[in-house]
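Asks: First, the structure itself, so that you have it in front of you.
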Amino acid sequence: LAAYTDEGLTAEQLHALGLAEVDRLTADLQLALFDAGLTEGSVTARLQMLAAQPGQVYPDTPEGRQALLDRMRAHLADAEAALPRIVSTPVRTPVAIRAVPDFLTASAPAAFYSAATADGSAPGLFEINLSDMTDWPDFTLATLVFHETVPGHHLESALTAEQAHLPLIRQMIWNVAYGEGWGVYAETLADELGLYQDDPISRIGYLQSLLFRAARLVADTGIHRLHWTRKQATDYLVAATGQPDSQMAQEVDRYTVWPGQAAAYWIGRKRILDLKERAERVLGPDFDFVEFHDAILTGGPRPLSILENDIERWYAAKIRK
């Protein structure tokens, strides 16, 4: 946990934090689902009902797969249009979205981002595994795009290469709490920027994504500190998030062989949000949203403690001026 999150955090603290956040986000989803006309049953049951509604799952045909990719590219275009409100410098490195090639689907992850090549000969690439179209109901696609591309991993990766002026080794070494923390923060940033404003069903997907990240804290620590069985952990994730049993079983297998890594997502996001709140309190009307993001992203991947020091130096310098 210290390696993947931060010093001083115990498994018991993270387990309790995860349970509290799951309760809070479940209440938020209760309201969002009610507003969307889904009023009967538990939150889990209603999320499963939403995923099964007509038009949510794209047909398993060439045309269906193309429509899904087009939908994701439209979400990316919306996020790229909002970039001037996020960072001060335009991103030069492009990003492409494509399906995992058929010959790789059996061994490829569900969805993943690969940074652009160092020499600029290939763009950043976000690939999605379409071997099972039911994995990707439409309401989940927006937050997935925002996490993996803009304002998430691609923005972070491209600015590291273009603006940070770091030694090559610093560009190649990634810090999970920083990188995945920024990716999950990017989902929240998209909400703050209004990218879900005209698409309340996709905002339900965003809230479900946050719920999943919080439930990971519970499952990871449940397995490695409380000695949960595989079935206990899988059943908990299904009951908490409404996601399919087969997907959650794969998640549990991942946490089992990679202890602590899943906790980094929530803890990294939480630290960025805490630093933002602190900077807003210190600077008051002088707080600048774009400058805050520049201070985070132009430092490249680094431990959360160093990120905190950098943000403190940034707002102290503004105070001195």
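Each chain in the structure tokens gets a letter, A, B and so on, in the order shown; residues start at 1 in every chain, and ligands are counted from 1 in the order they appear.
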With only C-alpha atoms as the counted atoms, please give the residues lying no more than 7 Å from A:Ala110, apart from itself and same-chain residues fewer than 2 positions off, as a list of chain:residue names.
Replies: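 Selected residues are A:Ala108, A:Phe112, A:Ile128, A:Asn129.
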Asks: Fewer than 4 positions away in the same chain doesn't count, so skip those; otherwise give me all residues within 12 Å of A:Val100, counting only C-alpha atoms, as a ChimeraX atom specification.
Replies: /A:65,69,104-113,125-132
Asks: Compare A:Thr61, A:Thr298, A:Thr39, A:Gln208 by their minimum atom-to-atom distance to A:His165, counting only C-alpha atoms, and give me the closest one.
Replies: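 Using only C-alpha atoms, A:His165 sits closest to A:Thr298.
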Asks: Could you check how far atom CA of A:Ala79 sits from atom CA of A:Ala214, in Å to one decimal?
Replies: 24.4 Å
Asks: Pick out the residues sitting within 12 Å of stretch 76-78 of chain A, and hand them over as a list in words; count only C-alpha atoms, and ignore anything fewer than 6 positions along from it in its own chain.
Replies: Leu69, Asp70, Pro84, Pro94, Val95, Ala96, Ile97, Phe126, Leu141, Ala142, Thr143, Leu144, Val145, Phe146, His147, Glu148, Thr149, Val150, Pro151, Gly152, His154, Leu155, Ala190, Leu193, Gly194, Leu195, Tyr196, Gln197 and Asp198 of chain A
